[in-house]
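Trainee: The structure that follows is given in the form of structure tokens.
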Amino acid sequence: MAAVADATVPVAALRHKISRPMVVAAVLVVWLVLFTVLRGRQTLTLAAADLTGLHRWLNDVNDSIGANRNSNPIFLYFFNEIRLVIDNLVTFVQSLISQPTGSRPVPQIGWLGVVGLAGYVSWAVGNWRVALLAAAGFTFFGLQGLWQESMDTLALTLSAVLVALLIGIPLGVWAGLSDRFNRIMTPFLDFMQTMPTFVYLAPLTLIFLIGGASAVITTVIYAAPPAIRITAHAIRSVPETTVEAADSLGATRTQQLLKVLLPMSRRTVVMGVNQTIMAALAMVTIAALIDAPGLGKTVVQALQSLDVGTAFNAGLAIVVMAIVLDRVTTAAAARTGVRRAGGPFLKWRRPLLAAGGVAAAVLVYLSHTYVWAAEFPGDGAVGTHIASAADTATTWLQDHLSGLTNALRDALTNGLLNPFQTLLTDSPWWLVGATLVALGTVLGGWRAGVTAAVCVGLLVGTGLWSDSMTTLASTAVATVLVMLLGAVVGVWMGRSAPADRLIRPALDAAQVMPPFVYLVPFLALFGATRFTAIVAAVVYAAPVAIKIIADGVRNVPESTVEAATSAGCNTWQIITKVQLPMARGALTLATNQGLIYVLSMVVVGGLVGAGALGYDVVAGFSQGELYGKGLAAGLAIVLLGVMFDRITQAAARRTRA
């Protein structure tokens with residue numbers, strides 16, 4: 001027995017010495033060795049114009065649905081009715097602020113009335129500063145020569161937000177009150193928020209066709225999860241003692257909800273409205289790919305023709321709209337918090353609001369009655385100057401910085417991206433699949449390994465394995481860059497309060513911008529290449545990773561840092577030996593979020609030369625014979641997102657454990 005016991009000691013010691021990074025390294029070494037032997041075999045490469053049986057079947061399904069759309073009972077009495085209701089809502093809102101109706105050559109409310117209403121509503125729910133910002137921002141749209149495009153975008157956004165809140169807030173309240181319903185909803189919400197924005201477009205056009213109604217329905221599906229999740233969190237955050245006090249006073253469940261839970265969670269719910277609006281604006285601009293009107297359409301057309309000036313002008317309008325909507329709803333949330341806390345109400349505010357309401361009504365009447373108040377004056381000279389300045393700056397950058405930008409692009413492309421992409425695309429598909437499953441199992445456990453195996457099998461089934469690996473390569477490279485940037489800036493912010501106060505507002509502002517906006521400046525710098533999409537993805541995903549890492553470093557106990565300092569550790573040792581190891585959970589979570597954001601942006605980069613799955617989706621919209629391939633590409637993007645999300649989430653849980 002003693003001999004057996006002695007024999008188990010070295011085995012236990014060996015297991016203790018074999019760490020997870022060592023196993024990961026061993027898996028990668030085996031992959032590299034087999035790659036050198038099996039390179040170029042069983043790579044499942046598919047030419048751009050080739051279709052698989054699945055793609056042709058999806059094309060046939062699309063044709064069959066188109067032929068039977070007005071006779072099939074499911075479409076006739078369900079999907080078509082939904083589309084009709086949404087289409088009527090969109091048409092109504094557009095007729096109010098953006099599109100002529102009937103014999104009337106202008107909308108019901110012209111530019112002067114819209115500016116007045118925007119300023120008044122912003123003042124009523126916020127303060128005079130955001131009112132001035134709203135009025136100035138809306139006026140700027142007209143000066144850019146983009147008034148109608150901006151109002152079309154606003155109309156689609158408002159329509160989608162209205163429907164999303166009508167659905168999301170009741171579901172959120174239900175999830176907040178019921179543990180069972182919350183457990184049912186959480187996986188669906190996780191899945192919906194994991195999917196990149198591109199993915200929603202193709203399947204919904206199959207059901208609802210292209211156009212404004214489909215754009216709103218797509219946006220509702222994308223924007224509703226934040227409303228549901230944040231409302232549920234708000235309801236659950238109400239102190240239990242308050243609910244018990246109301247219950248002891250004999251309040252019914254309905255009275256508790258209306259008199260206690262909703263009033264006390266109002267500020268958080270308004271924050272959920274803010275997130276819903278931001279998500280809706282981001283989706284509405286991307287929905288230009290399915291013929292949604294507005295600023296997104298202008299950006300897409302300009303990107304496709306490499307017209308940087310026009311794209312920059314329209315992108316600037318999107319940024320301004322995002323900032324205005326964000327600041328208004330943020331101010332509304334802050335004001336709601338003051339009211340809930342019993343803050344003072346100035347007695348003169350109500351009379352001023354009443355007077356402001358009268359003034360806004362007068363402006364609406366004038367814009368409805370007179371052409372000069374309905375059509376924005378001028379020819380958009382400011383927008384012309386902005387576009388011209390952007391083109392001039394682009395030309396200057398390309399003439400004077402092309403050596404630097406090309407060197408940076410070539411170094412990253414040839415030194416990192418191309419070798420990794422070659423490793424993925426030239427390895428046998430089963431070898432890459434086995435490596436992904438092994439890494440998933442090692443990092444996230446057997447459930448993550450099973451998820452990776454299922455996703456790999458389905459990726460093979462889409463017929464787009466090679467394009468999926470190309471997208472995976474770009475995503476992985478961009479994520480590595482995001483984490484490097486996130487670690488450097490995040491550690492700086494976590495260790496320095498002044499740096500945090502200086503940088504965090506810029507990160508918050510960056511997260512407000514829709515993804516389209518990030519493509520424009522890098523298109524000017526690097527041209528239409530996949531490197532452009534990678535750099536845009538890094539800038540798009542970095543803010544969330546930086547903030548998570550900064551919070552993780554800041555949460556390391558001060559006593560631990562002081563103990564390391566007293567032991568003689570220098571700054572570098574404290575960071576690498578204490579703070580980063582103790583913030584491993586935050587690092588893993590930052591990797592998770594960075595991957596999802598990067599994947600979303602990389603596929604959008606299909607518009608500027610990124611190719612692979614993003615290009616397949618865009619081509620599916622523009623070329624009918626490639627629709628099935630585009631739909632399969634959307635499914636492949638979902639599978640990559642699910643695989644990334646499950647592995648990194650499981651790894652984060654194991655790290656925290």
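Identifiers in the structure tokens: chain A, B, ... in order shown; residue index from 1 per chain; ligand index from 1 in order shown.
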Can you tell me which residues surround A:Arg69 at a distance of at most 10 Å, considering only C-alpha atoms, apart from same-chain residues fewer than 4 positions away, and format the answer as a short mmCIF file (atom, residue, chain, number, x, y, z; two decimals) with N, CA and C atoms, in the first residue's frame?

Mentor:
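After the write, part21.cif holds the following:
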```
data_model
loop_
_atom_site.label_atom_id
_atom_site.label_comp_id
_atom_site.auth_asym_id
_atom_site.auth_seq_id
_atom_site.Cartn_x
_atom_site.Cartn_y
_atom_site.Cartn_z
N ASP A 63 -36.99 31.78 -53.88
CA ASP A 63 -37.88 31.90 -55.04
C ASP A 63 -39.28 31.39 -54.71
N SER A 64 -39.35 30.29 -53.96
CA SER A 64 -40.65 29.72 -53.61
C SER A 64 -41.44 30.66 -52.71
N ILE A 65 -40.76 31.26 -51.75
CA ILE A 65 -41.45 32.20 -50.85
C ILE A 65 -41.93 33.41 -51.64
N PRO A 73 -51.04 30.91 -46.36
CA PRO A 73 -51.76 31.45 -45.20
C PRO A 73 -50.84 32.05 -44.13
N ILE A 74 -49.67 31.45 -43.91
CA ILE A 74 -48.76 31.97 -42.89
C ILE A 74 -48.32 33.39 -43.24
N PHE A 75 -48.01 33.61 -44.50
CA PHE A 75 -47.61 34.95 -44.93
C PHE A 75 -48.82 35.86 -45.04
N LEU A 76 -49.89 35.31 -45.58
CA LEU A 76 -51.06 36.14 -45.86
C LEU A 76 -51.68 36.71 -44.59
N PHE A 79 -47.22 37.12 -41.38
CA PHE A 79 -46.04 37.93 -41.69
C PHE A 79 -46.41 39.18 -42.50
N ASN A 80 -47.29 39.03 -43.48
CA ASN A 80 -47.69 40.19 -44.27
C ASN A 80 -48.43 41.22 -43.43
N ILE A 207 -38.30 36.98 -45.31
CA ILE A 207 -39.68 36.96 -44.82
C ILE A 207 -40.41 38.26 -45.12
N PHE A 208 -39.73 39.40 -44.93
CA PHE A 208 -40.42 40.69 -44.99
C PHE A 208 -40.01 41.55 -46.19
#
```

Trainee: DSSP says helix (DSSP H, G or I) for which residues of stretch 172-387 of chain A? Put them as a PyMOL selection string?

Mentor: chain A and resi 172-177+179-194+197-208+212-236+240-248+253-264+266-290+295-304+308-340+349-369+371-374+381-387

Trainee: Atom CA of A:Gly176 and atom CA of A:Gln275, how far apart in Å?

Mentor: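 If I compute the distance from atom CA of A:Gln275 to atom CA of A:Gly176, I get 18.0 Å.
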
Trainee: From the list A:Met601, A:Val273, A:Cys455, A:Pro263, which residue is nearest A:Val539 when using only C-alpha atoms?

Mentor: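 Going through A:Met601, A:Val273, A:Cys455, A:Pro263 one by one, the smallest distance to A:Val539 is for A:Met601.
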
Trainee: Using only C-alpha atoms, which of A:Pro521, A:Gly444, A:Pro196, A:Pro514 sits nearest A:Ile637?

Mentor: A:Pro196

Trainee: Leaving out A:Gly449 and any residue of its chain fewer than 4 positions from it, which residues lie within 9 Å of it when counting only C-alpha atoms, given as a list of chain:residue names?

Mentor: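 These residues fall inside the cut-off: A:Leu436, A:Val437, A:Ala438, A:Leu439, A:Gly440, A:Thr441, A:Val442, A:Leu443, A:Gly444, A:Gly445, A:Ala453, A:Val454, A:Ile647.
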
Trainee: Identify, on the basis of only C-alpha atoms, every residue whose closest approach to stretch 349-361 of chain A does not exceed 12 Å; exclude the query and any residue fewer than 3 positions from it along the same chain; express the result as a PDB file with N, CA, C and O atoms, in the first residue's frame.

Mentor:
```
ATOM      1  N   ILE A 109     -44.568  68.319 -40.822  1.00  0.00           N
ATOM      2  CA  ILE A 109     -43.799  69.213 -39.961  1.00  0.00           C
ATOM      3  C   ILE A 109     -42.462  69.467 -40.645  1.00  0.00           C
ATOM      4  O   ILE A 109     -41.688  68.538 -40.886  1.00  0.00           O
ATOM      5  N   LEU A 112     -38.243  73.785 -39.386  1.00  0.00           N
ATOM      6  CA  LEU A 112     -38.323  74.705 -38.255  1.00  0.00           C
ATOM      7  C   LEU A 112     -39.116  74.087 -37.109  1.00  0.00           C
ATOM      8  O   LEU A 112     -38.737  74.206 -35.936  1.00  0.00           O
ATOM      9  N   GLY A 113     -40.179  73.375 -37.429  1.00  0.00           N
ATOM     10  CA  GLY A 113     -40.967  72.718 -36.394  1.00  0.00           C
ATOM     11  C   GLY A 113     -40.213  71.570 -35.750  1.00  0.00           C
ATOM     12  O   GLY A 113     -40.299  71.368 -34.523  1.00  0.00           O
ATOM     13  N   VAL A 114     -39.451  70.803 -36.553  1.00  0.00           N
ATOM     14  CA  VAL A 114     -38.686  69.686 -35.992  1.00  0.00           C
ATOM     15  C   VAL A 114     -37.609  70.205 -35.046  1.00  0.00           C
ATOM     16  O   VAL A 114     -37.412  69.663 -33.948  1.00  0.00           O
ATOM     17  N   VAL A 115     -36.913  71.271 -35.462  1.00  0.00           N
ATOM     18  CA  VAL A 115     -35.887  71.854 -34.590  1.00  0.00           C
ATOM     19  C   VAL A 115     -36.518  72.363 -33.296  1.00  0.00           C
ATOM     20  O   VAL A 115     -35.986  72.153 -32.196  1.00  0.00           O
ATOM     21  N   GLY A 116     -37.668  73.036 -33.412  1.00  0.00           N
ATOM     22  CA  GLY A 116     -38.348  73.520 -32.217  1.00  0.00           C
ATOM     23  C   GLY A 116     -38.787  72.393 -31.299  1.00  0.00           C
ATOM     24  O   GLY A 116     -38.616  72.471 -30.073  1.00  0.00           O
ATOM     25  N   LEU A 117     -39.359  71.343 -31.872  1.00  0.00           N
ATOM     26  CA  LEU A 117     -39.781  70.200 -31.059  1.00  0.00           C
ATOM     27  C   LEU A 117     -38.588  69.509 -30.403  1.00  0.00           C
ATOM     28  O   LEU A 117     -38.656  69.119 -29.227  1.00  0.00           O
ATOM     29  N   ALA A 118     -37.505  69.340 -31.165  1.00  0.00           N
ATOM     30  CA  ALA A 118     -36.317  68.690 -30.605  1.00  0.00           C
ATOM     31  C   ALA A 118     -35.781  69.481 -29.420  1.00  0.00           C
ATOM     32  O   ALA A 118     -35.441  68.911 -28.369  1.00  0.00           O
ATOM     33  N   GLY A 119     -35.710  70.799 -29.572  1.00  0.00           N
ATOM     34  CA  GLY A 119     -35.228  71.622 -28.473  1.00  0.00           C
ATOM     35  C   GLY A 119     -36.154  71.591 -27.272  1.00  0.00           C
ATOM     36  O   GLY A 119     -35.700  71.472 -26.127  1.00  0.00           O
ATOM     37  N   TYR A 120     -37.448  71.652 -27.514  1.00  0.00           N
ATOM     38  CA  TYR A 120     -38.401  71.678 -26.399  1.00  0.00           C
ATOM     39  C   TYR A 120     -38.428  70.348 -25.640  1.00  0.00           C
ATOM     40  O   TYR A 120     -38.390  70.330 -24.409  1.00  0.00           O
ATOM     41  N   VAL A 121     -38.487  69.242 -26.370  1.00  0.00           N
ATOM     42  CA  VAL A 121     -38.510  67.934 -25.708  1.00  0.00           C
ATOM     43  C   VAL A 121     -37.220  67.713 -24.920  1.00  0.00           C
ATOM     44  O   VAL A 121     -37.242  67.200 -23.786  1.00  0.00           O
ATOM     45  N   SER A 122     -36.084  68.116 -25.500  1.00  0.00           N
ATOM     46  CA  SER A 122     -34.811  67.957 -24.802  1.00  0.00           C
ATOM     47  C   SER A 122     -34.788  68.782 -23.521  1.00  0.00           C
ATOM     48  O   SER A 122     -34.259  68.336 -22.488  1.00  0.00           O
ATOM     49  N   TRP A 123     -35.350  69.965 -23.557  1.00  0.00           N
ATOM     50  CA  TRP A 123     -35.418  70.810 -22.366  1.00  0.00           C
ATOM     51  C   TRP A 123     -36.369  70.205 -21.326  1.00  0.00           C
ATOM     52  O   TRP A 123     -36.082  70.178 -20.133  1.00  0.00           O
ATOM     53  N   ALA A 124     -37.504  69.698 -21.798  1.00  0.00           N
ATOM     54  CA  ALA A 124     -38.510  69.169 -20.877  1.00  0.00           C
ATOM     55  C   ALA A 124     -38.005  67.941 -20.126  1.00  0.00           C
ATOM     56  O   ALA A 124     -38.254  67.787 -18.927  1.00  0.00           O
ATOM     57  N   VAL A 125     -37.311  67.054 -20.818  1.00  0.00           N
ATOM     58  CA  VAL A 125     -36.849  65.824 -20.165  1.00  0.00           C
ATOM     59  C   VAL A 125     -35.446  65.962 -19.595  1.00  0.00           C
ATOM     60  O   VAL A 125     -35.022  65.142 -18.771  1.00  0.00           O
ATOM     61  N   GLY A 126     -34.691  67.001 -20.050  1.00  0.00           N
ATOM     62  CA  GLY A 126     -33.323  67.168 -19.603  1.00  0.00           C
ATOM     63  C   GLY A 126     -33.074  68.529 -19.013  1.00  0.00           C
ATOM     64  O   GLY A 126     -33.559  68.865 -17.934  1.00  0.00           O
ATOM     65  N   ASN A 127     -32.313  69.336 -19.735  1.00  0.00           N
ATOM     66  CA  ASN A 127     -31.998  70.688 -19.268  1.00  0.00           C
ATOM     67  C   ASN A 127     -31.745  71.574 -20.476  1.00  0.00           C
ATOM     68  O   ASN A 127     -31.776  71.109 -21.624  1.00  0.00           O
ATOM     69  N   TRP A 128     -31.468  72.843 -20.196  1.00  0.00           N
ATOM     70  CA  TRP A 128     -31.326  73.797 -21.298  1.00  0.00           C
ATOM     71  C   TRP A 128     -30.069  73.534 -22.127  1.00  0.00           C
ATOM     72  O   TRP A 128     -30.027  73.847 -23.318  1.00  0.00           O
ATOM     73  N   ALA A 131     -30.904  70.958 -24.637  1.00  0.00           N
ATOM     74  CA  ALA A 131     -31.844  71.563 -25.583  1.00  0.00           C
ATOM     75  C   ALA A 131     -31.093  72.347 -26.655  1.00  0.00           C
ATOM     76  O   ALA A 131     -31.401  72.246 -27.856  1.00  0.00           O
ATOM     77  N   ALA A 135     -31.013  71.421 -30.666  1.00  0.00           N
ATOM     78  CA  ALA A 135     -31.380  72.394 -31.697  1.00  0.00           C
ATOM     79  C   ALA A 135     -30.215  72.636 -32.652  1.00  0.00           C
ATOM     80  O   ALA A 135     -30.395  72.691 -33.882  1.00  0.00           O
ATOM     81  N   PRO A 344     -35.066  69.275  -5.580  1.00  0.00           N
ATOM     82  CA  PRO A 344     -35.935  70.454  -5.651  1.00  0.00           C
ATOM     83  C   PRO A 344     -36.434  70.701  -7.066  1.00  0.00           C
ATOM     84  O   PRO A 344     -35.704  70.551  -8.036  1.00  0.00           O
ATOM     85  N   PHE A 345     -37.685  71.100  -7.150  1.00  0.00           N
ATOM     86  CA  PHE A 345     -38.271  71.529  -8.411  1.00  0.00           C
ATOM     87  C   PHE A 345     -38.427  73.043  -8.369  1.00  0.00           C
ATOM     88  O   PHE A 345     -39.077  73.576  -7.462  1.00  0.00           O
ATOM     89  N   LEU A 346     -37.807  73.712  -9.290  1.00  0.00           N
ATOM     90  CA  LEU A 346     -37.935  75.162  -9.311  1.00  0.00           C
ATOM     91  C   LEU A 346     -39.343  75.547  -9.741  1.00  0.00           C
ATOM     92  O   LEU A 346     -39.876  75.031 -10.715  1.00  0.00           O
ATOM     93  N   VAL A 364     -44.125  74.673 -35.080  1.00  0.00           N
ATOM     94  CA  VAL A 364     -44.720  73.558 -35.820  1.00  0.00           C
ATOM     95  C   VAL A 364     -45.770  74.082 -36.791  1.00  0.00           C
ATOM     96  O   VAL A 364     -45.836  73.648 -37.959  1.00  0.00           O
ATOM     97  N   TYR A 365     -46.608  75.024 -36.335  1.00  0.00           N
ATOM     98  CA  TYR A 365     -47.645  75.599 -37.209  1.00  0.00           C
ATOM     99  C   TYR A 365     -47.011  76.302 -38.401  1.00  0.00           C
ATOM    100  O   TYR A 365     -47.460  76.139 -39.552  1.00  0.00           O
ATOM    101  N   LEU A 366     -45.973  77.100 -38.147  1.00  0.00           N
ATOM    102  CA  LEU A 366     -45.319  77.813 -39.239  1.00  0.00           C
ATOM    103  C   LEU A 366     -44.724  76.838 -40.246  1.00  0.00           C
ATOM    104  O   LEU A 366     -44.836  77.035 -41.461  1.00  0.00           O
ATOM    105  N   SER A 367     -44.079  75.774 -39.740  1.00  0.00           N
ATOM    106  CA  SER A 367     -43.455  74.812 -40.650  1.00  0.00           C
ATOM    107  C   SER A 367     -44.491  74.001 -41.415  1.00  0.00           C
ATOM    108  O   SER A 367     -44.197  73.484 -42.498  1.00  0.00           O
ATOM    109  N   HIS A 368     -45.675  73.867 -40.864  1.00  0.00           N
ATOM    110  CA  HIS A 368     -46.747  73.163 -41.558  1.00  0.00           C
ATOM    111  C   HIS A 368     -47.404  74.051 -42.617  1.00  0.00           C
ATOM    112  O   HIS A 368     -47.908  73.537 -43.624  1.00  0.00           O
TER     113      HIS A 368
END
```

Trainee: Which residue, A:Ala632, A:Leu507, A:Leu464, A:Ala164, has the smallest gap to A:Ala47 when you use only C-alpha atoms?

Mentor: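 Under the stated criterion, the closest residue is A:Leu464.
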